[in-house]
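**Q** Contents are CSV, C-alpha atoms and all ligand atoms; file name start11.csv:
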chain,number,residue,atom,x,y,z
A,1,MET,CA,126.5,107.9,111.4
A,2,ILE,CA,124.9,104.9,113.0
A,3,ASP,CA,124.6,106.8,116.3
A,4,GLY,CA,123.0,109.9,114.7
A,5,PHE,CA,120.5,107.8,112.8
A,6,GLU,CA,119.6,105.7,115.8
A,7,GLN,CA,119.3,108.7,118.1
A,8,MET,CA,116.9,110.4,115.7
A,9,TRP,CA,115.0,107.1,115.3
A,10,ALA,CA,114.7,106.6,119.0
A,11,ALA,CA,113.5,110.2,119.5
A,12,LEU,CA,110.6,109.7,117.1
A,13,ALA,CA,109.8,106.1,118.1
A,14,PRO,CA,107.4,106.8,121.0
A,15,VAL,CA,105.6,109.8,119.3
A,16,GLY,CA,102.0,108.8,118.5
A,17,ARG,CA,102.6,105.1,119.1
A,18,SER,CA,99.6,103.1,120.3
A,19,ALA,CA,100.4,101.1,123.5
A,20,SER,CA,98.0,98.3,122.4
A,21,SER,CA,98.9,97.8,118.7
A,22,GLY,CA,102.3,99.3,118.5
A,23,GLY,CA,101.1,101.3,115.4
A,24,TYR,CA,101.3,105.0,114.8
A,25,PHE,CA,98.6,107.6,114.9
A,26,ARG,CA,100.2,110.8,113.5
A,27,GLN,CA,97.3,112.5,111.8
A,28,PRO,CA,98.0,115.9,110.4
A,29,PHE,CA,97.8,118.8,112.9
A,30,GLY,CA,97.1,116.5,115.8
A,31,SER,CA,99.4,116.5,118.8
A,32,ALA,CA,101.6,113.5,117.7
A,33,GLU,CA,102.2,114.9,114.2
A,34,ARG,CA,102.9,118.3,115.7
A,35,GLU,CA,105.4,116.7,118.0
A,36,CYS,CA,107.1,115.1,115.1
A,37,HIS,CA,107.1,118.5,113.4
A,38,ALA,CA,108.7,120.2,116.4
A,39,TRP,CA,111.3,117.5,116.3
A,40,PHE,CA,111.9,118.3,112.7
A,41,LEU,CA,112.5,122.0,113.5
A,42,GLU,CA,114.9,121.0,116.3
A,43,GLN,CA,116.9,118.8,113.8
A,44,CYS,CA,117.0,121.7,111.4
A,45,ALA,CA,118.2,124.1,114.2
A,46,ALA,CA,120.9,121.6,115.4
A,47,ARG,CA,122.3,121.5,111.8
A,48,GLY,CA,122.0,125.3,111.2
A,49,LEU,CA,119.5,124.6,108.4
A,50,ARG,CA,117.4,127.7,107.4
A,51,VAL,CA,113.7,126.8,107.9
A,52,GLU,CA,110.9,127.9,105.6
A,53,GLN,CA,107.3,126.9,106.0
A,54,ASP,CA,104.5,127.5,103.5
A,55,GLY,CA,100.8,128.1,104.0
A,56,ASN,CA,100.1,124.5,103.2
A,57,ALA,CA,101.9,123.3,106.3
A,58,ASN,CA,104.9,122.0,104.3
A,59,THR,CA,108.3,122.7,105.9
A,60,VAL,CA,111.8,122.7,104.4
A,61,GLY,CA,115.2,123.1,106.2
A,62,TRP,CA,117.7,124.5,103.7
A,63,TRP,CA,121.5,123.8,103.7
A,64,ASP,CA,122.6,126.7,101.6
A,65,GLY,CA,125.0,125.9,98.8
A,66,SER,CA,127.9,128.0,97.6
A,67,ASP,CA,126.0,129.2,94.5
A,68,PRO,CA,122.5,130.4,95.3
A,69,SER,CA,121.8,131.0,91.6
A,70,LEU,CA,121.8,127.2,90.9
A,71,PRO,CA,118.5,125.2,91.0
A,72,ARG,CA,118.1,123.5,94.4
A,73,VAL,CA,118.1,119.9,95.3
A,74,LEU,CA,115.2,118.8,97.5
A,75,THR,CA,115.0,115.6,99.5
A,76,GLY,CA,112.8,114.4,102.5
A,77,SER,CA,109.4,112.8,102.8
A,78,HIS,CA,106.5,113.1,105.3
A,79,LEU,CA,105.9,112.7,109.0
A,80,ASP,CA,102.2,111.9,109.1
A,81,SER,CA,100.9,108.3,109.2
A,82,VAL,CA,97.9,106.3,108.2
A,83,LEU,CA,95.7,105.3,111.2
A,84,ASP,CA,97.6,102.6,113.1
A,85,GLY,CA,100.5,102.9,110.6
A,86,GLY,CA,104.1,101.8,110.6
A,87,ALA,CA,107.1,103.7,111.8
A,88,TYR,CA,108.9,103.9,108.5
A,89,ASP,CA,106.5,105.2,105.9
A,90,GLY,CA,107.5,108.8,105.7
A,91,PRO,CA,109.9,109.3,108.7
A,92,LEU,CA,112.5,107.0,107.2
A,93,GLY,CA,113.0,109.5,104.3
A,94,VAL,CA,113.2,112.5,106.7
A,95,VAL,CA,115.6,110.9,109.2
A,96,SER,CA,117.7,109.5,106.4
A,97,ALA,CA,117.9,113.0,104.8
A,98,PHE,CA,119.3,114.5,108.0
A,99,ALA,CA,121.7,111.6,108.5
A,100,ALA,CA,122.8,112.0,104.8
A,101,ILE,CA,123.6,115.7,105.4
A,102,ASP,CA,125.6,114.8,108.5
A,103,LEU,CA,127.5,112.2,106.5
A,104,LEU,CA,128.3,114.7,103.7
A,105,ARG,CA,129.5,117.2,106.3
A,106,GLU,CA,131.7,114.5,107.9
A,107,ARG,CA,133.1,114.1,104.4
A,108,CYS,CA,133.7,117.8,104.2
A,109,VAL,CA,131.4,118.1,101.1
A,110,VAL,CA,130.5,121.7,100.4
A,111,PRO,CA,127.5,121.7,98.0
A,112,SER,CA,127.3,124.2,95.2
A,113,ARG,CA,123.5,123.8,95.1
A,114,THR,CA,121.3,124.5,98.1
A,115,VAL,CA,120.0,121.2,99.5
A,116,GLY,CA,116.6,121.1,101.3
A,117,VAL,CA,115.1,118.6,103.6
A,118,ALA,CA,111.3,118.6,103.2
A,119,ALA,CA,108.5,117.4,105.5
A,120,PHE,CA,105.3,117.5,103.4
A,121,ALA,CA,101.9,117.7,105.1
A,122,GLU,CA,99.1,115.1,105.1
A,123,GLU,CA,100.8,112.8,102.6
A,124,GLU,CA,98.5,109.9,103.6
A,125,GLY,CA,95.2,111.7,103.4
A,126,SER,CA,94.3,110.0,106.6
A,127,ARG,CA,92.5,113.1,108.0
A,128,PHE,CA,91.2,115.1,105.0
A,129,SER,CA,90.9,112.1,102.5
A,130,ILE,CA,93.1,113.5,99.8
A,131,ALA,CA,96.5,111.9,99.5
A,132,CYS,CA,99.6,114.1,99.2
A,133,LEU,CA,97.5,117.2,100.2
A,134,GLY,CA,100.5,119.4,101.1
A,135,SER,CA,102.6,118.6,98.1
A,136,GLN,CA,99.5,118.8,95.7
A,137,LEU,CA,98.7,122.3,97.0
A,138,ALA,CA,102.3,123.4,96.9
A,139,ALA,CA,102.7,122.2,93.3
A,140,GLY,CA,99.5,123.8,92.2
A,141,ALA,CA,97.9,120.4,91.5
A,142,LEU,CA,94.9,120.9,93.8
A,143,ASP,CA,92.6,123.8,93.7
A,144,PRO,CA,92.8,125.7,97.0
A,145,GLU,CA,89.0,126.2,96.9
A,146,ARG,CA,88.5,122.5,96.9
A,147,ALA,CA,91.0,122.1,99.8
A,148,ARG,CA,89.2,124.8,101.8
A,149,ALA,CA,86.0,122.8,101.5
A,150,LEU,CA,87.6,119.6,103.0
A,151,THR,CA,86.5,118.4,106.4
A,152,ASP,CA,87.8,115.6,108.6
A,153,ARG,CA,85.6,112.9,110.2
A,154,ASP,CA,84.5,115.3,112.9
A,155,GLY,CA,83.5,118.0,110.4
A,156,VAL,CA,86.6,120.2,111.1
A,157,ARG,CA,87.7,122.2,108.1
A,158,LEU,CA,91.3,122.0,106.9
A,159,GLU,CA,92.1,125.6,107.6
A,160,ASP,CA,90.5,125.5,111.0
A,161,ALA,CA,92.6,122.4,111.9
A,162,MET,CA,95.7,124.3,110.7
A,163,LEU,CA,94.7,127.4,112.8
A,164,ALA,CA,94.1,125.2,115.8
A,165,ALA,CA,97.6,123.9,115.4
A,166,GLY,CA,99.0,127.4,115.4
A,167,LEU,CA,99.6,127.6,111.7
A,168,GLU,CA,98.7,130.4,109.3
A,169,PRO,CA,97.0,128.8,106.4
A,170,GLU,CA,97.6,130.2,102.9
A,171,LEU,CA,96.6,127.4,100.6
A,172,GLY,CA,98.1,127.3,97.1
A,173,PRO,CA,101.2,127.1,95.0
A,174,SER,CA,104.3,127.4,97.3
A,175,PRO,CA,107.4,129.5,97.0
A,176,LEU,CA,109.2,126.5,98.6
A,177,LEU,CA,109.2,124.7,95.3
A,178,ARG,CA,110.1,127.7,93.1
A,179,ASP,CA,113.8,127.1,92.8
A,180,VAL,CA,113.8,123.3,93.1
A,181,GLY,CA,115.6,121.6,90.2
A,182,CYS,CA,115.1,118.1,91.4
A,183,TYR,CA,113.5,116.0,94.2
A,184,LEU,CA,114.8,112.7,95.6
A,185,GLU,CA,112.6,110.9,98.2
A,186,LEU,CA,113.9,107.9,100.1
A,187,HIS,CA,111.1,105.5,101.3
A,188,VAL,CA,110.7,102.1,102.8
A,189,GLU,CA,109.7,99.7,100.1
A,190,GLN,CA,106.0,98.7,100.3
A,191,GLY,CA,106.5,95.3,98.8
A,192,ARG,CA,109.1,92.5,98.6
A,193,ASP,CA,110.7,93.2,95.2
A,194,LEU,CA,114.1,94.1,96.8
A,195,VAL,CA,113.8,91.0,99.1
A,196,HIS,CA,113.5,88.8,96.1
A,197,ARG,CA,116.4,90.5,94.4
A,198,GLU,CA,118.4,90.3,97.6
A,199,VAL,CA,119.5,93.9,97.5
A,200,PRO,CA,119.1,96.6,100.2
A,201,VAL,CA,118.3,99.6,98.1
A,202,GLY,CA,116.7,100.2,94.7
A,203,LEU,CA,115.1,103.1,92.7
A,204,ALA,CA,111.6,103.7,91.5
A,205,SER,CA,110.7,103.6,87.9
A,206,ALA,CA,107.0,104.5,88.1
A,207,ILE,CA,103.9,104.8,90.3
A,208,TRP,CA,100.7,103.1,89.3
A,209,PRO,CA,97.7,105.3,88.6
A,210,HIS,CA,95.5,105.2,91.7
A,211,GLY,CA,92.4,106.8,93.1
A,212,ARG,CA,90.0,107.1,96.0
A,213,TYR,CA,86.3,106.8,95.3
A,214,ARG,CA,83.5,107.4,97.8
A,215,PHE,CA,80.6,104.9,97.4
A,216,ASP,CA,77.4,106.2,99.1
A,217,PHE,CA,74.8,103.5,99.5
A,218,THR,CA,71.4,104.7,100.8
A,219,GLY,CA,68.4,102.6,101.8
A,220,GLU,CA,65.7,102.6,104.5
A,221,ALA,CA,66.3,102.4,108.2
A,222,ASN,CA,64.0,99.9,110.0
A,223,HIS,CA,63.6,97.5,112.9
A,224,ALA,CA,66.0,94.5,112.7
A,225,GLY,CA,63.4,92.2,114.3
A,226,ALA,CA,60.1,93.5,113.1
A,227,THR,CA,61.0,94.0,109.4
A,228,ALA,CA,60.5,90.9,107.2
A,229,MET,CA,63.5,90.1,105.1
A,230,ALA,CA,61.5,90.7,101.9
A,231,ASP,CA,60.5,94.2,103.0
A,232,ARG,CA,64.0,95.6,103.5
A,233,HIS,CA,66.0,98.1,101.6
A,234,ASP,CA,69.3,97.4,103.2
A,235,PRO,CA,72.3,99.4,101.9
A,236,MET,CA,74.7,97.1,103.9
A,237,LEU,CA,73.9,94.3,101.5
A,238,THR,CA,74.5,96.5,98.5
A,239,TYR,CA,77.8,97.5,100.0
A,240,ALA,CA,78.8,94.0,100.9
A,241,MET,CA,78.2,92.7,97.4
A,242,THR,CA,80.1,95.7,95.9
A,243,ALA,CA,83.1,95.0,98.2
A,244,LEU,CA,83.1,91.4,96.9
A,245,ALA,CA,82.8,92.7,93.3
A,246,ALA,CA,85.8,95.0,93.8
A,247,ASN,CA,87.9,92.2,95.0
A,248,LYS,CA,86.8,89.9,92.1
A,249,GLN,CA,87.3,92.6,89.4
A,250,ALA,CA,90.8,93.4,90.7
A,251,ARG,CA,91.7,89.7,90.8
A,252,LEU,CA,90.6,89.3,87.2
A,253,LEU,CA,93.3,91.8,86.2
A,254,THR,CA,96.3,89.6,85.6
A,255,ASP,CA,99.0,90.0,83.1
A,256,GLY,CA,101.6,87.2,82.5
A,257,GLY,CA,100.8,85.7,85.8
A,258,SER,CA,101.2,88.9,87.8
A,259,ASP,CA,98.3,90.9,89.2
A,260,THR,CA,98.0,94.3,87.7
A,261,GLY,CA,95.1,95.8,89.7
A,262,ARG,CA,94.2,96.3,93.3
A,263,ALA,CA,90.9,97.2,94.9
A,264,THR,CA,90.3,97.8,98.6
A,265,PHE,CA,87.4,98.9,100.7
A,266,GLY,CA,89.4,99.8,103.9
A,267,ARG,CA,87.0,102.3,105.4
A,268,ILE,CA,83.3,102.3,105.9
A,269,GLU,CA,80.8,104.4,107.9
A,270,VAL,CA,77.4,103.1,108.8
A,271,SER,CA,74.4,105.1,109.9
A,272,PRO,CA,72.9,104.7,112.4
A,273,ASN,CA,75.4,101.9,113.2
A,274,ALA,CA,73.1,100.1,115.6
A,275,THR,CA,72.9,96.4,116.1
A,276,ASN,CA,69.2,96.2,116.0
A,277,ALA,CA,68.5,98.5,113.1
A,278,VAL,CA,68.6,98.0,109.3
A,279,PRO,CA,70.9,100.9,108.3
A,280,ASP,CA,69.8,103.7,106.1
A,281,ARG,CA,73.3,104.6,104.9
A,282,VAL,CA,76.6,103.0,104.3
A,283,THR,CA,79.6,104.9,102.9
A,284,GLY,CA,82.6,102.9,101.8
A,285,TRP,CA,85.8,104.3,100.3
A,286,LEU,CA,87.3,102.3,97.4
A,287,ASP,CA,91.1,102.6,97.0
A,288,ALA,CA,91.8,101.3,93.5
A,289,ARG,CA,95.2,101.1,91.7
A,290,CYS,CA,96.1,99.6,88.3
A,291,GLU,CA,99.1,99.4,86.0
A,292,SER,CA,97.5,101.7,83.5
A,293,ASP,CA,95.1,104.7,83.6
A,294,ALA,CA,92.8,102.9,81.2
A,295,THR,CA,92.6,99.7,83.3
A,296,LEU,CA,92.0,101.8,86.4
A,297,ALA,CA,89.0,103.5,84.8
A,298,GLN,CA,87.7,100.1,83.6
A,299,LEU,CA,88.1,98.5,87.0
A,300,VAL,CA,86.2,101.3,88.8
A,301,ALA,CA,83.5,101.3,86.2
A,302,ALA,CA,83.0,97.6,86.5
A,303,VAL,CA,82.8,97.8,90.3
A,304,GLU,CA,80.3,100.7,90.1
A,305,LYS,CA,78.2,98.8,87.5
A,306,GLN,CA,77.9,95.7,89.7
A,307,GLY,CA,77.1,97.9,92.7
A,308,GLN,CA,74.3,99.7,90.7
A,309,GLU,CA,72.8,96.3,89.6
A,310,ARG,CA,72.8,95.1,93.2
A,311,ALA,CA,71.3,98.4,94.3
A,312,THR,CA,68.4,97.9,91.9
A,313,ARG,CA,67.8,94.4,93.4
A,314,ASP,CA,68.0,95.7,97.0
A,315,GLY,CA,65.8,98.8,96.4
A,316,THR,CA,68.7,101.0,97.5
A,317,ALA,CA,70.7,103.7,95.7
A,318,LEU,CA,74.4,104.2,95.0
A,319,THR,CA,76.3,107.3,94.1
A,320,VAL,CA,80.0,107.2,93.4
A,321,THR,CA,82.3,110.2,93.8
A,322,ALA,CA,86.0,110.3,92.8
A,323,GLU,CA,87.7,112.0,95.7
A,324,SER,CA,91.2,112.0,94.3
A,325,VAL,CA,92.6,110.3,91.3
A,326,ALA,CA,96.4,110.4,90.4
A,327,PRO,CA,97.6,109.4,87.0
A,328,ALA,CA,100.5,107.1,86.2
A,329,VAL,CA,103.9,108.7,87.2
A,330,HIS,CA,107.1,107.9,85.3
A,331,PHE,CA,110.0,109.1,87.3
A,332,ASP,CA,112.7,111.1,85.5
A,333,ALA,CA,114.5,108.4,83.5
A,334,THR,CA,117.8,110.3,83.1
A,335,LEU,CA,118.0,111.2,86.8
A,336,THR,CA,117.0,107.7,87.8
A,337,ALA,CA,119.6,106.0,85.5
A,338,ARG,CA,122.3,108.4,86.8
A,339,LEU,CA,121.5,107.6,90.4
A,340,ALA,CA,121.1,103.8,89.7
A,341,ALA,CA,124.6,103.8,88.1
A,342,LEU,CA,126.2,105.4,91.2
A,343,GLY,CA,126.1,102.2,93.2
A,344,GLY,CA,127.4,100.2,90.3
A,345,GLY,CA,123.9,99.4,89.1
A,346,ARG,CA,120.9,99.3,91.4
A,347,PRO,CA,117.5,97.8,90.5
A,348,VAL,CA,114.8,100.1,89.2
A,349,ILE,CA,111.3,98.9,90.2
A,350,PRO,CA,107.7,100.1,89.9
A,351,THR,CA,105.4,100.7,92.9
A,352,ALA,CA,101.7,100.7,93.5
A,353,ALA,CA,102.0,103.2,96.4
A,354,GLY,CA,101.6,106.9,96.1
A,355,HIS,CA,104.2,109.5,97.1
A,356,ASP,CA,104.9,113.2,97.2
A,357,ALA,CA,107.7,112.5,94.7
A,358,GLY,CA,104.9,111.4,92.2
A,359,VAL,CA,103.1,114.8,92.7
A,360,LEU,CA,106.3,116.7,92.1
A,361,ALA,CA,107.2,114.6,89.1
A,362,THR,CA,103.8,115.2,87.6
A,363,ALA,CA,104.2,119.0,88.2
A,364,GLY,CA,107.4,118.9,86.1
A,365,ILE,CA,110.1,118.7,88.8
A,366,PRO,CA,112.6,116.0,87.8
A,367,SER,CA,112.1,113.5,90.6
A,368,ALA,CA,113.4,110.1,91.7
A,369,MET,CA,112.9,107.7,94.6
A,370,LEU,CA,115.1,105.4,96.6
A,371,PHE,CA,113.5,102.3,98.2
A,372,VAL,CA,114.9,100.6,101.2
A,373,ARG,CA,114.3,96.9,101.6
A,374,ASN,CA,111.4,95.8,103.8
A,375,PRO,CA,111.8,92.2,104.9
A,376,THR,CA,108.1,91.4,105.2
A,377,GLY,CA,106.9,93.8,102.5
A,378,VAL,CA,104.1,94.9,104.9
A,379,SER,CA,103.3,98.6,105.1
A,380,HIS,CA,100.5,100.8,106.4
A,381,SER,CA,100.6,98.5,109.5
A,382,PRO,CA,102.5,98.3,112.7
A,383,ALA,CA,104.4,95.3,111.1
A,384,GLU,CA,106.2,97.6,108.6
A,385,HIS,CA,109.9,97.2,109.0
A,386,ALA,CA,113.4,97.9,107.6
A,387,GLY,CA,116.6,96.5,109.1
A,388,ILE,CA,119.1,99.0,110.6
A,389,ASP,CA,121.9,97.9,108.2
A,390,ASP,CA,119.6,98.5,105.2
A,391,CYS,CA,118.6,101.9,106.6
A,392,LEU,CA,122.2,102.9,107.0
A,393,THR,CA,122.9,101.7,103.4
A,394,GLY,CA,120.0,103.8,102.4
A,395,VAL,CA,121.6,106.9,104.1
A,396,GLU,CA,124.9,106.3,102.3
A,397,VAL,CA,123.2,105.9,98.9
A,398,LEU,CA,121.1,109.1,99.6
A,399,ALA,CA,124.3,111.0,100.6
A,400,ASP,CA,126.1,109.9,97.5
A,401,ALA,CA,123.2,110.9,95.4
A,402,LEU,CA,122.9,114.3,97.0
A,403,ALA,CA,126.6,114.9,96.6
A,404,GLU,CA,126.3,114.1,92.9
A,405,LEU,CA,123.2,116.2,92.4
A,406,ALA,CA,124.4,119.2,94.5
A,407,ARG,CA,127.8,119.4,92.9
B,501,LIG,C1,100.2,106.3,100.4
B,501,LIG,O1,101.1,105.7,101.0
B,501,LIG,C2,99.4,105.5,99.5
B,501,LIG,O2,99.9,104.9,98.6
B,501,LIG,O3,98.2,105.5,99.7
B,502,MN,MN,101.9,105.6,103.0
B,503,MN,MN,104.9,107.5,102.4
Hey, can you dump this file as structure tokens for me?
**A**
Amino acid sequence: MIDGFEQMWAALAPVGRSASSGGYFRQPFGSAERECHAWFLEQCAARGLRVEQDGNANTVGWWDGSDPSLPRVLTGSHLDSVLDGGAYDGPLGVVSAFAAIDLLRERCVVPSRTVGVAAFAEEEGSRFSIACLGSQLAAGALDPERARALTDRDGVRLEDAMLAAGLEPELGPSPLLRDVGCYLELHVEQGRDLVHREVPVGLASAIWPHGRYRFDFTGEANHAGATAMADRHDPMLTYAMTALAANKQARLLTDGGSDTGRATFGRIEVSPNATNAVPDRVTGWLDARCESDATLAQLVAAVEKQGQERATRDGTALTVTAESVAPAVHFDATLTARLAALGGGRPVIPTAAGHDAGVLATAGIPSAMLFVRNPTGVSHSPAEHAGIDDCLTGVEVLADALAELAR
């Protein structure tokens, strides 16, 4: 099993890797992500899995069970990355799924239920801004019309990007999910809970509600030298104060000593982006996450209020647009307890990271997640890591879980 896992890992390792940072750039429908996808198809072919793709660029390799009338078991994850992302977020779930199938076959397991390995498209929303785009479309959680209107940073429309990659877009609810009875996604942990508990693998209880909000700050472009400080309408100042406010508001949210809110401005665009000009526009994207839906709404409202107050002082304007908001997800308690019990009792922990499993759970498909320990807890960065022994334990736990679910 170790050889198979390591071979797959080694094949993916160079794809889309930046020579300078060591991070990954696997944006949807770009060459690196398509190379990962071609690798996925090869892995399916090598195992005799029947491949189906939907019009949302999601792909599943099916291992047919002995009783096609039974609901199917789906596993897998995604192959795209954030900009300059880590190696594990997404690919670990896909590689582990193939390795788990290999292990089950070595053990001569013949599933009654058909088992699928999924690669969902644009999970990170790194190109078209909406997280879990492929699974949301497949599950009917995102209006195809809205998806059709999405453009990337260069103004390329989603469907055009798909066509350019040789795909045939047909956005909307997907036949791939029709007969799926449950979904189990293995993922690198994005935190250090398992490190503190000193265990290699745990399960997810819930995903915090989270959202992405576009803050458009507008002002007046002018000369950086010739414009007196008192005469400026500088949206950069309004943005800067709003970013500080977001940090402060999230820090204020603590419960019993643990922080229960997160707020990040991780992306901005400035126009005209010139050293010697006061800008006329700054767009910043707020990623906000909280333990409850109500707190998330309060946090975003508080940040917007402070931004508006500062805009009044600066003589600028601010408009806020919610680009995607996901409610709290509580994974299927029965399924999770059943899987946690398999290993003699594994920890069940919450997460503030979003996943396709959350989308499927919200759409009514009983779903669960396995987390593999991440020694640093760092994720969405080249420093993301999981030790090989823990990864192999993850494969074994996933294989046991699939055997149980596909009986
Ligand atoms: C995806 O990984 C997210 O939580 O943004
Ligand atoms: Mn991610
Ligand atoms: Mn992920």
**Q** To one decimal place in Å, what is the distance between atom CA of Ala240 of chain A and atom CA of Tyr213 of chain A?
**A** 15.9 Å
**Q** Can you list, as an NGL selection string, every protein, DNA or RNA residue that comes within 6 Å of segment 86-99 of chain A when you count only C-alpha atoms, leaving out same-chain residues fewer than 2 positions away?
**A** :A and (5 or 23-24 or 76-79 or 101-102 or 186-187 or 380-382 or 384 or 395)
**Q** Residues up to 8 Å from ligand LIG 501 (chain B), counting all atoms listed in the file: could you list those as an mmCIF file with C-alpha atoms, keeping the file's coordinate frame?
**A**
data_model
loop_
_atom_site.group_PDB
_atom_site.id
_atom_site.type_symbol
_atom_site.label_atom_id
_atom_site.label_comp_id
_atom_site.auth_asym_id
_atom_site.auth_seq_id
_atom_site.Cartn_x
_atom_site.Cartn_y
_atom_site.Cartn_z
ATOM 1 C CA VAL A 82 97.900 106.300 108.200
ATOM 2 C CA ASP A 89 106.500 105.200 105.900
ATOM 3 C CA GLU A 123 100.800 112.800 102.600
ATOM 4 C CA GLU A 124 98.500 109.900 103.600
ATOM 5 C CA GLY A 125 95.200 111.700 103.400
ATOM 6 C CA ALA A 131 96.500 111.900 99.500
ATOM 7 C CA CYS A 132 99.600 114.100 99.200
ATOM 8 C CA ALA A 352 101.700 100.700 93.500
ATOM 9 C CA ALA A 353 102.000 103.200 96.400
ATOM 10 C CA GLY A 354 101.600 106.900 96.100
ATOM 11 C CA HIS A 355 104.200 109.500 97.100
ATOM 12 C CA HIS A 380 100.500 100.800 106.400
#
**Q** Sorted by chain and rising residue number, list the residues of segment 339-380 of chain A at most 9 Å from segment 317-331 of chain A (counting all atoms listed in the file), each with its closest atom pair and distance in Å to one decimal, as a tab-separated table.
**A**
residue	atom	partner	partner_atom	distance
A:Gly354	CA	A:Ala326	CA	8.5
A:Ala357	CA	A:Phe331	CA	8.5
A:Gly358	CA	A:Val329	CA	5.8
A:Val359	CA	A:Val329	CA	8.3
A:Ala361	CA	A:Phe331	CA	6.4
A:Thr362	CA	A:Val329	CA	6.5
A:Pro366	CA	A:Phe331	CA	7.4
A:Ser367	CA	A:Phe331	CA	5.9
A:Ala368	CA	A:Phe331	CA	5.6
A:Met369	CA	A:Phe331	CA	8.0
**Q** Measuring atom to atom with all atoms listed in the file, identify which of A:Val15, A:Cys108, A:Ala57, A:Ala119 is nearest to Gln43 of chain A.
**A**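 Residue with the minimum atom-to-atom distance to Gln43 of chain A: A:Ala119.
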**Q** Grab the atom CA of Asp64 of chain A to atom CA of Cys36 of chain A distance for me, in Å with one decimal place.
**A**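 Straight-line distance from atom CA of Asp64 of chain A to atom CA of Cys36 of chain A works out to 23.6 Å.
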**Q** Between A:Gln53, A:Ser126, A:Thr242, A:Asn222, which residue has the minimum interatomic distance to ligand MN 503 (chain B), considering only C-alpha atoms and all ligand atoms?
**A** A:Ser126
**Q** Distance atom CA of Asp67 of chain A-atom CA of Gly134 of chain A, one decimal place?
**A** 28.1 Å
**Q** Excluding segment 289-292 of chain A and residues on its chain fewer than 6 positions from it, collect all residues at most 10 Å away from it, counting all atoms listed in the file, and give them as a ChimeraX atom specification.
**A** /A:206-212,250,253,255,259-264,298-300,325-328,350-354
**Q** If you count all atoms listed in the file, which residues fall within 12 Å of Asp216 of chain A, apart from same-chain ones fewer than 6 positions away, as an mmCIF file with C-alpha atoms, keeping the file's coordinate frame?
**A**
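After the write, selection03.cif holds the following:
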data_model
loop_
_atom_site.group_PDB
_atom_site.id
_atom_site.type_symbol
_atom_site.label_atom_id
_atom_site.label_comp_id
_atom_site.auth_asym_id
_atom_site.auth_seq_id
_atom_site.Cartn_x
_atom_site.Cartn_y
_atom_site.Cartn_z
ATOM 1 C CA PRO A 235 72.300 99.400 101.900
ATOM 2 C CA MET A 236 74.700 97.100 103.900
ATOM 3 C CA THR A 238 74.500 96.500 98.500
ATOM 4 C CA TYR A 239 77.800 97.500 100.000
ATOM 5 C CA THR A 242 80.100 95.700 95.900
ATOM 6 C CA ILE A 268 83.300 102.300 105.900
ATOM 7 C CA GLU A 269 80.800 104.400 107.900
ATOM 8 C CA VAL A 270 77.400 103.100 108.800
ATOM 9 C CA SER A 271 74.400 105.100 109.900
ATOM 10 C CA ASP A 280 69.800 103.700 106.100
ATOM 11 C CA ARG A 281 73.300 104.600 104.900
ATOM 12 C CA VAL A 282 76.600 103.000 104.300
ATOM 13 C CA THR A 283 79.600 104.900 102.900
ATOM 14 C CA GLY A 284 82.600 102.900 101.800
ATOM 15 C CA TRP A 285 85.800 104.300 100.300
ATOM 16 C CA LEU A 286 87.300 102.300 97.400
ATOM 17 C CA GLU A 304 80.300 100.700 90.100
ATOM 18 C CA GLY A 307 77.100 97.900 92.700
ATOM 19 C CA GLN A 308 74.300 99.700 90.700
ATOM 20 C CA ALA A 311 71.300 98.400 94.300
ATOM 21 C CA THR A 316 68.700 101.000 97.500
ATOM 22 C CA ALA A 317 70.700 103.700 95.700
ATOM 23 C CA LEU A 318 74.400 104.200 95.000
ATOM 24 C CA THR A 319 76.300 107.300 94.100
ATOM 25 C CA VAL A 320 80.000 107.200 93.400
ATOM 26 C CA THR A 321 82.300 110.200 93.800
ATOM 27 C CA ALA A 322 86.000 110.300 92.800
#
**Q** Could segment 265-269 of chain A be completed with N, CA, C and O atoms and returned as a short mmCIF file (atom, residue, chain, number, x, y, z; two decimals), in the frame of the given file?
**A**
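New file result-v5.cif:
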data_model
loop_
_atom_site.label_atom_id
_atom_site.label_comp_id
_atom_site.auth_asym_id
_atom_site.auth_seq_id
_atom_site.Cartn_x
_atom_site.Cartn_y
_atom_site.Cartn_z
N PHE A 265 88.28 98.10 99.89
CA PHE A 265 87.40 98.90 100.70
C PHE A 265 87.99 98.83 102.14
O PHE A 265 87.80 97.82 102.82
N GLY A 266 88.73 99.84 102.58
CA GLY A 266 89.40 99.80 103.90
C GLY A 266 88.72 100.66 104.92
O GLY A 266 89.13 100.66 106.08
N ARG A 267 87.72 101.40 104.49
CA ARG A 267 87.00 102.30 105.40
C ARG A 267 85.56 102.35 105.11
O ARG A 267 85.20 102.52 103.94
N ILE A 268 84.73 102.16 106.14
CA ILE A 268 83.30 102.30 105.90
C ILE A 268 82.69 103.13 107.09
O ILE A 268 83.25 103.14 108.20
N GLU A 269 81.61 103.80 106.81
CA GLU A 269 80.80 104.40 107.90
C GLU A 269 79.39 103.97 107.69
O GLU A 269 78.90 103.90 106.56
#
